[in-house]
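Asks: As input, take query-v2.txt (compact mmCIF, C-alpha atoms):
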# COMPACT_ATOMS: atom_id res chain seq x y z
CA MET A 15 -19.44 -30.24 -12.90
CA THR A 16 -20.36 -26.72 -13.92
CA GLU A 17 -22.59 -26.39 -17.00
CA GLN A 18 -21.03 -28.00 -20.08
CA LYS A 19 -19.00 -25.50 -22.07
CA LYS A 20 -17.28 -25.43 -25.44
CA ILE A 21 -13.68 -24.84 -24.46
CA ALA A 22 -11.32 -23.89 -27.28
CA ILE A 23 -7.68 -24.46 -26.38
CA LEU A 24 -5.37 -22.53 -28.68
CA GLY A 25 -1.96 -24.14 -28.85
CA GLY A 26 -3.82 -27.20 -27.65
CA THR A 27 -1.30 -29.65 -29.09
CA GLY A 28 1.43 -28.38 -26.75
CA ALA A 29 2.25 -29.77 -23.33
CA LEU A 30 0.16 -27.37 -21.25
CA GLY A 31 -2.70 -27.13 -23.74
CA SER A 32 -3.06 -30.87 -24.20
CA GLY A 33 -2.92 -31.37 -20.44
CA LEU A 34 -5.81 -28.96 -19.93
CA ALA A 35 -7.65 -30.49 -22.91
CA LYS A 36 -7.34 -33.94 -21.43
CA ARG A 37 -8.68 -32.89 -18.03
CA TRP A 38 -11.60 -30.86 -19.39
CA ALA A 39 -12.53 -33.61 -21.86
CA LYS A 40 -12.57 -36.11 -19.00
CA ALA A 41 -14.77 -33.76 -17.01
CA GLY A 42 -17.33 -33.81 -19.85
CA HIS A 43 -16.72 -30.43 -21.47
CA GLN A 44 -16.72 -30.02 -25.25
CA VAL A 45 -13.05 -29.46 -26.02
CA ILE A 46 -11.93 -27.87 -29.27
CA VAL A 47 -8.22 -28.29 -29.81
CA GLY A 48 -6.74 -25.38 -31.74
CA SER A 49 -3.44 -25.54 -33.58
CA ARG A 50 -1.75 -23.95 -36.55
CA THR A 51 -3.10 -26.64 -38.86
CA ALA A 52 -6.49 -28.29 -38.52
CA ASP A 53 -5.04 -31.75 -39.25
CA LYS A 54 -2.61 -31.62 -36.39
CA ALA A 55 -5.36 -30.30 -34.12
CA GLN A 56 -7.76 -33.08 -35.12
CA GLU A 57 -5.09 -35.67 -34.48
CA ALA A 58 -4.55 -34.34 -30.97
CA ALA A 59 -8.31 -34.17 -30.40
CA ASN A 60 -8.68 -37.81 -31.42
CA ALA A 61 -6.20 -38.81 -28.74
CA LEU A 62 -8.21 -37.17 -25.96
CA PRO A 63 -10.40 -39.15 -23.57
CA VAL A 64 -14.19 -39.01 -23.90
CA ALA A 65 -16.23 -38.71 -20.72
CA SER A 66 -19.08 -41.17 -20.29
CA GLY A 67 -21.97 -39.55 -22.13
CA GLY A 68 -19.70 -36.61 -22.95
CA PRO A 69 -18.86 -35.10 -26.35
CA LYS A 70 -15.88 -36.08 -28.48
CA ALA A 71 -13.17 -33.45 -28.75
CA GLN A 72 -12.80 -31.63 -32.07
CA GLY A 73 -9.78 -30.13 -33.80
CA ALA A 74 -9.56 -26.85 -35.73
CA THR A 75 -7.18 -24.07 -36.60
CA ASN A 76 -6.58 -21.67 -33.74
CA LEU A 77 -8.79 -19.07 -35.38
CA ASP A 78 -11.65 -21.50 -36.03
CA ALA A 79 -11.35 -22.89 -32.53
CA ALA A 80 -11.54 -19.36 -31.09
CA ARG A 81 -14.61 -18.76 -33.25
CA GLN A 82 -16.35 -21.92 -32.03
CA GLY A 83 -15.49 -21.84 -28.32
CA ASP A 84 -17.58 -20.30 -25.54
CA ILE A 85 -14.37 -20.11 -23.57
CA VAL A 86 -11.04 -19.56 -25.30
CA VAL A 87 -7.78 -20.60 -23.65
CA LEU A 88 -4.36 -19.39 -24.78
CA THR A 89 -1.54 -21.89 -24.22
CA VAL A 90 0.98 -20.88 -26.88
CA PRO A 91 4.60 -19.87 -26.17
CA PHE A 92 5.03 -16.22 -25.19
CA SER A 93 6.76 -15.55 -28.52
CA ASN A 94 3.43 -16.26 -30.28
CA HIS A 95 1.21 -14.62 -27.68
CA ASN A 96 0.69 -11.20 -29.21
CA ALA A 97 0.29 -12.42 -32.79
CA LEU A 98 -2.36 -14.89 -31.65
CA LEU A 99 -4.24 -12.17 -29.76
CA GLU A 100 -4.20 -10.04 -32.89
CA GLU A 101 -5.50 -12.98 -34.92
CA ILE A 102 -8.43 -13.86 -32.66
CA ARG A 103 -9.37 -10.33 -31.68
CA ASP A 104 -12.38 -10.12 -33.96
CA VAL A 105 -13.92 -13.50 -33.04
CA VAL A 106 -13.86 -13.39 -29.24
CA GLN A 107 -16.44 -10.67 -28.68
CA GLY A 108 -18.03 -11.17 -25.25
CA LYS A 109 -16.20 -14.44 -24.62
CA ILE A 110 -14.06 -15.36 -21.66
CA VAL A 111 -10.45 -15.62 -22.84
CA ILE A 112 -8.20 -17.41 -20.38
CA ASP A 113 -4.58 -16.40 -20.81
CA ALA A 114 -2.33 -19.20 -19.57
CA VAL A 115 0.76 -17.85 -21.28
CA VAL A 116 3.76 -17.03 -19.11
CA PRO A 117 6.14 -14.31 -20.29
CA LEU A 118 9.33 -16.34 -19.88
CA VAL A 119 12.42 -14.90 -21.55
CA PRO A 120 14.77 -17.70 -22.66
CA PRO A 121 17.42 -18.66 -21.87
CA LYS A 122 17.05 -17.34 -18.29
CA VAL A 123 13.56 -18.70 -17.68
CA ALA A 124 14.28 -19.09 -13.95
CA VAL A 125 14.79 -15.34 -13.55
CA VAL A 126 11.77 -13.05 -13.32
CA GLN A 127 11.74 -10.74 -16.36
CA LEU A 128 8.26 -9.29 -16.55
CA PRO A 129 7.20 -7.35 -19.65
CA ALA A 130 6.78 -3.57 -19.44
CA GLU A 131 3.00 -4.05 -19.41
CA GLY A 132 3.35 -6.03 -16.16
CA SER A 133 2.31 -9.50 -17.29
CA ALA A 134 1.09 -11.54 -20.24
CA GLY A 135 -2.45 -11.12 -18.94
CA MET A 136 -2.05 -7.35 -18.89
CA ILE A 137 -0.90 -7.45 -22.52
CA ALA A 138 -3.97 -9.49 -23.45
CA HIS A 139 -6.18 -7.17 -21.46
CA LYS A 140 -4.80 -4.16 -23.33
CA MET A 141 -5.00 -5.85 -26.72
CA ILE A 142 -8.45 -7.46 -26.59
CA GLY A 143 -9.96 -6.37 -23.26
CA ASP A 144 -12.36 -3.99 -24.97
CA LYS A 145 -14.02 -7.02 -26.59
CA ALA A 146 -13.26 -10.13 -24.55
CA ARG A 147 -13.40 -10.91 -20.85
CA VAL A 148 -9.71 -11.59 -20.22
CA VAL A 149 -8.81 -13.86 -17.31
CA ALA A 150 -5.25 -14.94 -16.47
CA ALA A 151 -4.82 -18.39 -14.94
CA PHE A 152 -2.78 -21.63 -15.00
CA GLN A 153 0.64 -19.94 -15.05
CA ASN A 154 2.00 -22.05 -12.19
CA VAL A 155 0.86 -25.57 -12.92
CA GLY A 156 3.29 -27.94 -14.58
CA ALA A 157 2.09 -29.50 -17.82
CA ALA A 158 3.33 -32.90 -16.72
CA LYS A 159 1.10 -32.73 -13.67
CA LEU A 160 -1.96 -31.98 -15.78
CA GLN A 161 -1.14 -34.93 -18.02
CA ALA A 162 -0.97 -37.34 -15.08
CA ASP A 163 -4.16 -38.75 -13.60
CA GLU A 164 -3.30 -37.67 -10.10
CA PRO A 165 -4.42 -34.89 -7.77
CA ILE A 166 -2.24 -31.81 -8.10
CA ALA A 167 -0.96 -29.93 -5.05
CA CYS A 168 -1.05 -26.55 -6.70
CA ASP A 169 -3.56 -23.73 -6.55
CA ILE A 170 -4.49 -21.77 -9.65
CA LEU A 171 -4.39 -18.00 -9.15
CA VAL A 172 -7.26 -16.47 -11.14
CA THR A 173 -7.10 -12.78 -12.03
CA SER A 174 -9.35 -10.58 -14.13
CA ASP A 175 -10.96 -7.18 -14.00
CA ASP A 176 -14.23 -9.06 -14.65
CA GLN A 177 -15.24 -10.54 -11.32
CA GLU A 178 -17.98 -12.71 -12.82
CA ALA A 179 -15.52 -14.18 -15.32
CA ARG A 180 -13.18 -15.07 -12.45
CA LYS A 181 -16.00 -17.05 -10.89
CA VAL A 182 -16.71 -18.97 -14.10
CA VAL A 183 -13.04 -19.87 -14.47
CA ILE A 184 -12.79 -20.94 -10.83
CA GLY A 185 -15.68 -23.32 -11.58
CA LEU A 186 -13.89 -24.74 -14.62
CA ILE A 187 -10.78 -25.28 -12.51
CA GLN A 188 -12.82 -27.14 -9.93
CA ASP A 189 -14.07 -29.38 -12.76
CA ILE A 190 -10.52 -30.63 -13.31
CA GLY A 191 -9.95 -31.33 -9.65
CA MET A 192 -7.98 -28.26 -8.72
CA ARG A 193 -8.58 -25.19 -6.61
CA GLY A 194 -8.83 -21.79 -8.25
CA VAL A 195 -8.18 -18.84 -5.98
CA ASP A 196 -9.76 -15.47 -6.71
CA ALA A 197 -6.65 -13.33 -6.82
CA GLY A 198 -8.22 -10.06 -7.91
CA PRO A 199 -7.69 -7.75 -10.87
CA ILE A 200 -5.70 -8.65 -13.97
CA ALA A 201 -2.79 -6.48 -12.78
CA ASN A 202 -2.25 -9.16 -10.14
CA SER A 203 -1.40 -11.74 -12.80
CA ALA A 204 2.13 -10.32 -12.56
CA ALA A 205 2.51 -12.27 -9.31
CA ALA A 206 1.56 -15.56 -10.98
CA ASP A 207 3.71 -14.88 -14.04
CA ALA A 208 6.69 -14.07 -11.83
CA MET A 209 6.09 -17.10 -9.64
CA THR A 210 6.56 -19.44 -12.60
CA SER A 211 10.22 -18.44 -12.91
CA LEU A 212 10.69 -19.05 -9.20
CA LEU A 213 9.15 -22.52 -9.46
CA ILE A 214 11.36 -23.42 -12.44
CA GLY A 215 14.41 -22.37 -10.41
CA ILE A 216 13.20 -24.15 -7.29
CA ASN A 217 12.74 -27.37 -9.28
CA LYS A 218 16.39 -27.19 -10.35
CA ARG A 219 17.74 -26.08 -6.99
CA TYR A 220 15.84 -28.64 -4.90
CA LYS A 221 16.12 -31.37 -7.56
CA VAL A 222 12.38 -31.91 -7.74
CA ASP A 223 10.12 -31.76 -10.76
CA CYS A 224 6.83 -30.49 -9.49
CA ALA A 225 7.19 -27.48 -7.20
CA GLY A 226 3.92 -25.57 -7.01
CA ILE A 227 2.24 -23.00 -4.82
CA GLN A 228 -0.64 -23.15 -2.43
CA ILE A 229 -2.49 -20.36 -0.70
CA THR A 230 -2.75 -21.13 2.99
CA GLY A 231 -5.17 -19.77 5.54
CA LEU A 232 -8.32 -19.89 3.38
CA ALA A 233 -11.43 -21.14 5.05
CA GLY A 234 -12.81 -24.39 3.63
CA MET B 29 19.78 -22.67 16.28
CA THR B 30 22.34 -21.33 13.85
CA GLU B 31 25.30 -19.47 15.38
CA GLN B 32 24.19 -16.49 17.50
CA LYS B 33 24.09 -13.32 15.46
CA LYS B 34 23.61 -9.61 16.15
CA ILE B 35 20.47 -8.85 14.21
CA ALA B 36 19.66 -5.16 13.75
CA ILE B 37 16.03 -4.59 12.84
CA LEU B 38 15.52 -1.13 11.33
CA GLY B 39 11.97 0.03 11.79
CA GLY B 40 11.94 -2.52 14.58
CA THR B 41 9.18 -0.79 16.54
CA GLY B 42 6.67 -1.42 13.72
CA ALA B 43 4.38 -4.41 13.42
CA LEU B 44 6.57 -6.54 11.13
CA GLY B 45 9.86 -5.47 12.73
CA SER B 46 8.75 -6.11 16.28
CA GLY B 47 7.31 -9.48 15.26
CA LEU B 48 10.65 -10.55 13.81
CA ALA B 49 12.47 -9.05 16.81
CA LYS B 50 10.33 -11.07 19.19
CA ARG B 51 10.93 -14.33 17.38
CA TRP B 52 14.68 -13.86 16.98
CA ALA B 53 15.08 -12.75 20.60
CA LYS B 54 13.22 -15.87 21.72
CA ALA B 55 15.51 -17.97 19.56
CA GLY B 56 18.52 -16.55 21.44
CA HIS B 57 19.89 -14.07 18.90
CA GLN B 58 21.17 -10.65 19.97
CA VAL B 59 18.48 -8.32 18.68
CA ILE B 60 19.12 -4.61 18.18
CA VAL B 61 15.91 -2.70 17.65
CA GLY B 62 16.41 0.29 15.40
CA SER B 63 14.05 3.24 15.25
CA ARG B 64 14.12 6.94 14.48
CA THR B 65 14.83 7.75 18.11
CA ALA B 66 16.98 5.66 20.42
CA ASP B 67 14.50 6.09 23.30
CA LYS B 68 11.62 4.59 21.40
CA ALA B 69 13.87 1.78 20.20
CA GLN B 70 15.07 1.00 23.72
CA GLU B 71 11.50 0.94 24.99
CA ALA B 72 10.57 -1.62 22.32
CA ALA B 73 13.71 -3.62 23.07
CA ASN B 74 12.81 -3.76 26.76
CA ALA B 75 9.49 -5.33 25.90
CA LEU B 76 11.08 -8.22 23.99
CA PRO B 77 11.45 -11.68 25.49
CA VAL B 78 14.85 -12.93 26.59
CA ALA B 79 15.80 -16.49 25.74
CA SER B 80 17.08 -18.65 28.57
CA GLY B 81 20.79 -17.81 28.71
CA GLY B 82 20.32 -15.47 25.77
CA PRO B 83 21.21 -11.79 25.47
CA LYS B 84 18.87 -8.92 26.25
CA ALA B 85 17.72 -6.93 23.25
CA GLN B 86 19.12 -3.43 22.78
CA GLY B 87 17.66 -0.29 21.24
CA ALA B 88 19.38 2.28 19.03
CA THR B 89 18.75 4.70 16.20
CA ASN B 90 18.39 3.00 12.83
CA LEU B 91 21.86 4.15 11.84
CA ASP B 92 23.51 2.95 15.06
CA ALA B 93 21.64 -0.33 14.87
CA ALA B 94 22.84 -0.84 11.29
CA ARG B 95 26.38 -0.07 12.46
CA GLN B 96 26.19 -2.61 15.30
CA GLY B 97 24.42 -5.50 13.59
CA ASP B 98 26.04 -8.43 11.79
CA ILE B 99 22.78 -8.78 9.95
CA VAL B 100 20.64 -5.74 9.14
CA VAL B 101 16.93 -6.11 8.46
CA LEU B 102 14.81 -3.41 6.81
CA THR B 103 11.19 -3.31 7.96
CA VAL B 104 10.21 0.30 7.32
CA PRO B 105 7.31 1.42 5.11
CA PHE B 106 8.16 1.61 1.40
CA SER B 107 7.92 5.39 1.56
CA ASN B 108 11.02 5.41 3.83
CA HIS B 109 12.87 2.59 2.05
CA ASN B 110 15.17 4.55 -0.22
CA ALA B 111 16.05 7.22 2.33
CA LEU B 112 16.98 4.53 4.85
CA LEU B 113 19.17 2.74 2.31
CA GLU B 114 20.93 6.01 1.61
CA GLU B 115 21.42 6.56 5.34
CA ILE B 116 22.92 3.15 6.13
CA ARG B 117 24.90 2.74 2.91
CA ASP B 118 28.26 3.53 4.48
CA VAL B 119 27.90 1.31 7.57
CA VAL B 120 26.78 -2.00 6.05
CA GLN B 121 29.96 -2.91 4.18
CA GLY B 122 30.13 -6.69 3.79
CA LYS B 123 27.01 -7.27 5.88
CA ILE B 124 23.91 -9.21 4.96
CA VAL B 125 21.05 -6.73 4.56
CA ILE B 126 17.65 -8.39 4.55
CA ASP B 127 15.08 -6.26 2.75
CA ALA B 128 11.61 -7.10 4.07
CA VAL B 129 10.01 -3.99 2.62
CA VAL B 130 7.14 -4.46 0.20
CA PRO B 131 6.56 -1.77 -2.45
CA LEU B 132 2.86 -1.29 -1.74
CA VAL B 133 1.29 1.79 -3.28
CA PRO B 134 -1.59 3.10 -1.11
CA PRO B 135 -4.48 3.25 -1.34
CA LYS B 136 -4.67 0.27 -3.74
CA VAL B 137 -2.41 -2.04 -1.76
CA ALA B 138 -4.29 -5.11 -3.02
CA VAL B 139 -3.29 -4.35 -6.61
CA VAL B 140 0.20 -5.26 -7.84
CA GLN B 141 2.08 -2.06 -8.69
CA LEU B 142 5.74 -2.99 -8.88
CA PRO B 143 8.36 -0.24 -9.10
CA ALA B 144 10.22 0.29 -12.38
CA GLU B 145 13.27 -1.43 -10.85
CA GLY B 146 11.19 -4.60 -10.45
CA SER B 147 10.97 -4.86 -6.67
CA ALA B 148 12.05 -3.28 -3.40
CA GLY B 149 14.89 -5.79 -3.23
CA MET B 150 16.10 -4.75 -6.67
CA ILE B 151 16.12 -1.12 -5.55
CA ALA B 152 18.20 -2.05 -2.49
CA HIS B 153 20.47 -4.17 -4.64
CA LYS B 154 21.09 -1.25 -6.98
CA MET B 155 21.54 1.26 -4.16
CA ILE B 156 23.81 -0.67 -1.78
CA GLY B 157 24.59 -3.97 -3.53
CA ASP B 158 28.14 -2.89 -4.28
CA LYS B 159 28.76 -2.88 -0.53
CA ALA B 160 26.26 -5.10 1.22
CA ARG B 161 24.96 -8.59 0.54
CA VAL B 162 21.32 -7.77 -0.18
CA VAL B 163 18.74 -10.49 0.46
CA ALA B 164 14.99 -10.02 0.04
CA ALA B 165 12.72 -12.00 2.35
CA PHE B 166 9.65 -11.87 4.62
CA GLN B 167 7.42 -10.01 2.14
CA ASN B 168 4.53 -12.47 2.51
CA VAL B 169 4.26 -13.11 6.21
CA GLY B 170 1.69 -11.22 8.21
CA ALA B 171 3.02 -9.24 11.15
CA ALA B 172 0.21 -10.52 13.35
CA LYS B 173 1.30 -14.08 12.71
CA LEU B 174 4.86 -13.31 13.75
CA GLN B 175 3.59 -11.70 16.95
CA ALA B 176 1.58 -14.78 17.90
CA ASP B 177 3.31 -17.75 19.50
CA GLU B 178 1.97 -20.22 16.98
CA PRO B 179 3.40 -22.07 14.02
CA ILE B 180 2.92 -20.13 10.78
CA ALA B 181 1.69 -21.84 7.61
CA CYS B 182 3.66 -19.60 5.29
CA ASP B 183 6.95 -20.13 3.49
CA ILE B 184 9.49 -17.33 3.22
CA LEU B 185 10.82 -16.81 -0.30
CA VAL B 186 14.50 -15.89 -0.05
CA THR B 187 16.17 -14.17 -3.00
CA SER B 188 19.64 -12.73 -3.48
CA ASP B 189 22.38 -12.70 -6.04
CA ASP B 190 24.61 -13.95 -3.18
CA GLN B 191 23.90 -17.64 -2.84
CA GLU B 192 25.80 -17.97 0.43
CA ALA B 193 23.81 -15.11 1.95
CA ARG B 194 20.57 -16.87 0.95
CA LYS B 195 21.73 -19.89 2.95
CA VAL B 196 22.49 -17.81 6.05
CA VAL B 197 19.05 -16.18 5.89
CA ILE B 198 17.32 -19.53 5.38
CA GLY B 199 19.04 -20.63 8.61
CA LEU B 200 17.81 -17.55 10.47
CA ILE B 201 14.28 -18.26 9.22
CA GLN B 202 14.51 -21.80 10.50
CA ASP B 203 15.48 -20.37 13.89
CA ILE B 204 12.07 -18.71 14.14
CA GLY B 205 10.21 -21.87 13.22
CA MET B 206 9.51 -21.12 9.59
CA ARG B 207 10.69 -22.52 6.28
CA GLY B 208 12.80 -20.36 4.00
CA VAL B 209 12.79 -21.39 0.36
CA ASP B 210 15.78 -20.60 -1.85
CA ALA B 211 14.02 -18.69 -4.61
CA GLY B 212 17.06 -17.61 -6.61
CA PRO B 213 18.43 -14.23 -7.67
CA ILE B 214 17.26 -10.91 -6.30
CA ALA B 215 15.29 -10.22 -9.51
CA ASN B 216 12.94 -12.95 -8.32
CA SER B 217 11.92 -10.89 -5.31
CA ALA B 218 9.40 -9.29 -7.67
CA ALA B 219 7.31 -12.45 -7.29
CA ALA B 220 7.25 -12.16 -3.51
CA ASP B 221 6.58 -8.41 -3.58
CA ALA B 222 3.70 -8.94 -6.00
CA MET B 223 2.31 -11.83 -3.99
CA THR B 224 1.81 -9.59 -0.97
CA SER B 225 -0.83 -7.57 -2.79
CA LEU B 226 -2.59 -10.77 -3.79
CA LEU B 227 -2.62 -12.00 -0.20
CA ILE B 228 -4.02 -8.68 1.06
CA GLY B 229 -6.80 -8.95 -1.52
CA ILE B 230 -7.42 -12.61 -0.77
CA ASN B 231 -7.78 -11.83 2.94
CA LYS B 232 -10.52 -9.34 2.10
CA ARG B 233 -12.23 -11.46 -0.54
CA TYR B 234 -12.26 -14.69 1.48
CA LYS B 235 -12.86 -12.89 4.79
CA VAL B 236 -9.81 -14.41 6.43
CA ASP B 237 -6.92 -12.67 8.12
CA CYS B 238 -3.93 -14.82 7.49
CA ALA B 239 -3.66 -15.98 3.88
CA GLY B 240 -0.11 -17.05 3.09
CA ILE B 241 1.75 -19.06 0.50
CA GLN B 242 3.45 -22.39 0.57
CA ILE B 243 5.69 -24.00 -1.97
CA THR B 244 4.52 -27.54 -2.61
CA GLY B 245 6.42 -30.48 -4.06
CA LEU B 246 9.71 -29.90 -2.23
CA ALA B 247 11.41 -32.96 -0.85
CA GLY B 248 11.58 -33.09 2.96
Would you write the structure of this file as structure tokens?
Replies:
Amino acid sequence: MTEQKKIAILGGTGALGSGLAKRWAKAGHQVIVGSRTADKAQEAANALPVASGGPKAQGATNLDAARQGDIVVLTVPFSNHNALLEEIRDVVQGKIVIDAVVPLVPPKVAVVQLPAEGSAGMIAHKMIGDKARVVAAFQNVGAAKLQADEPIACDILVTSDDQEARKVVIGLIQDIGMRGVDAGPIANSAAADAMTSLLIGINKRYKVDCAGIQITGLAG
Amino acid sequence: MTEQKKIAILGGTGALGSGLAKRWAKAGHQVIVGSRTADKAQEAANALPVASGGPKAQGATNLDAARQGDIVVLTVPFSNHNALLEEIRDVVQGKIVIDAVVPLVPPKVAVVQLPAEGSAGMIAHKMIGDKARVVAAFQNVGAAKLQADEPIACDILVTSDDQEARKVVIGLIQDIGMRGVDAGPIANSAAADAMTSLLIGINKRYKVDCAGIQITGLAG
């Protein structure tokens, strides 16, 4: 494992957030589950596994969780994305903020409809990038797969204008048994955001439930 | 093999076009190489393999090739994309037009910079979609890999608003030993266009020359 980190997962009671929380808690990281109410967050934290010798997960409001975490992960629906960024803006100075939010536009979530800014990560970068080290990741992994205790055949595309932050996040991804791929600047998160709609459509069209992507041709 | 087709490859003397031409000629399809001058096109056609019992490839200007083909494939640089669409607009009525052009913006080709329309395929769809059956495909496969006689570890994302046309193209992809994945409406070609920039960057960053993508979790 990489060095133990305090990982605050905002929207951590949702499917994706709790899946990530579970895997990082198991890996021995200090997970702080963030939610709209501290009670609900604490309840979700209590349900998380505790690694042997590892810390117990804590619950807090999203804002408190963002304040406490070394690493802050956004896993809220896109409709809450910008408001949450506004809310945490002043408490994430110098921190790595991982944006896992996908800009899906219901009801046609299987059709690519990227925001004018290019991607959710680009929005975050514009809103808080002067303070935080924004990294986009985890757009393409199904929540159900994170919840299961099995290996996941899906790479995580990691994008950020902060190359060092990309490396840290790739390490954290390795801690949960997956491969992070350094996919370049934050503008490239548009590819991952768009890919999520394709995977949703492919799941329906091929009658499967866990389509993912893998980068081929990498050494190692 | 699927039923033999006349496949016109516009820009067919370039790296991507000649790679596709080579593979389809080998598979026994009637390839028509299109280029700016008929002479250059014929020269490239003469260099293509001929399948046992298959037809010899022909050369023609891009416009003549588009006129002759059952299937028309665009493999020109993005800077020529719109002019070519304008040129062939009147001769592709009812035909499947496969847009393999990627909207790269030099010099930063490893950074996603999608056009306002969303993708090259969306541009083609808007420009000639009232006449032709526009399908976007082949954005993510390296030309060098098509030129080589080896299996390619890269899926081809196939998008179109014409579901039947997607199926035909997936068949043609199978003919050249690759897997086409039905990735939904033409709007979804933005994901494939964007992915090309990621793969170019990944090749540099990981010091490899053939990064590709694969869709995981599909049955079969």
Asks: Which residues are close to region 233-235 of chain B, i.e. within 12 Å by all atoms listed in the file, leaving aside same-chain residues fewer than 6 positions away? Reply as number ranges by chain.
Replies: A: 177, 195-199, 229-234; B: 138, 226-227
Asks: Given the choices B:Ala160, B:Val59, B:Gly208, B:Thr41, which gets closest to Asp183 (chain B) if the distance is worked out from only C-alpha atoms?
Replies: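 Between B:Ala160, B:Val59, B:Gly208, B:Thr41, the residue approaching Asp183 (chain B) most closely is B:Gly208.
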Asks: Figure out the distance between CA of Lys34 (chain B) and CA of Asp98 (chain B), please, to one decimal in Å.
Replies: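 Interatomic distance here is 5.1 Å.
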Asks: Which distance in Å separates CA of Lys109 (chain A) and CA of Arg147 (chain A), to one decimal?
Replies: 5.9 Å
Asks: How far is it from CA of Gly170 (chain B) to CA of Ser203 (chain A), in Å with one decimal?
Replies: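 Result for CA of Gly170 (chain B) versus CA of Ser203 (chain A): 21.2 Å, one decimal.
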Asks: Edge lengths and centre in Å to one decimal, as JSON, of the axis-aligned box that encloses all listed atoms of region 69-86 of chain A with 6 Å added on every side?
Replies:
{"center_x": -12.7, "center_y": -27.4, "center_z": -30.1, "size_x": 24.3, "size_y": 29.3, "size_z": 25.0}
Asks: With all atoms listed in the file as the basis for distance, which of A:Lys181, A:Lys54, A:Arg81, A:Lys145 is at the shortest distance from Gln107 (chain A)?
Replies: A:Lys145
Asks: So, counting all atoms listed in the file, which residue among B:Ala239, B:Ala73, B:Val162, B:Ala79 is closest to Arg117 (chain B)?
Replies: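 Smallest distance to Arg117 (chain B) is found for B:Val162.
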Asks: Find the spatial neighbours of region 116-121 of chain A, counting only C-alpha atoms, within a cut-off of 8 Å - ignore same-chain residues fewer than 3 positions away - and output them as a ChimeraX atom specification.
Replies: /A:91-92,126-129,133-134,153,207,210-211
Asks: Could you list, as a list of chain:residue names, every residue within 8 Å of Val197 (chain B), counting all atoms listed in the file and ignoring same-chain residues fewer than 2 positions away?
Replies: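 Counting all atoms listed in the file, the residues come to B:Val163, B:Val186, B:Ala193, B:Arg194, B:Lys195, B:Gly199, B:Leu200, B:Ile201, B:Gly208.
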Asks: Nearest residue to chain B out of A:Leu160, A:Gly143, A:Val155, A:Val125, using all atoms listed in the file?
Replies: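 Counting all atoms listed in the file, the residue closest to chain B is A:Val125.
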Asks: Select, from B:Gly146, B:Gln175, B:His153, B:Met29, the residue with the minimum atom-to-atom distance to chain A, counting all atoms listed in the file.
Replies: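 Closest residue, counting all atoms listed in the file: B:Gly146.
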Asks: Just checking: using all atoms listed in the file, which residue out of B:Ile156, B:Ala88, B:Met223, B:Ala215 ends up closest to Ile241 (chain B)?
Replies: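 Checking each candidate against Ile241 (chain B), we get B:Met223 as the closest.
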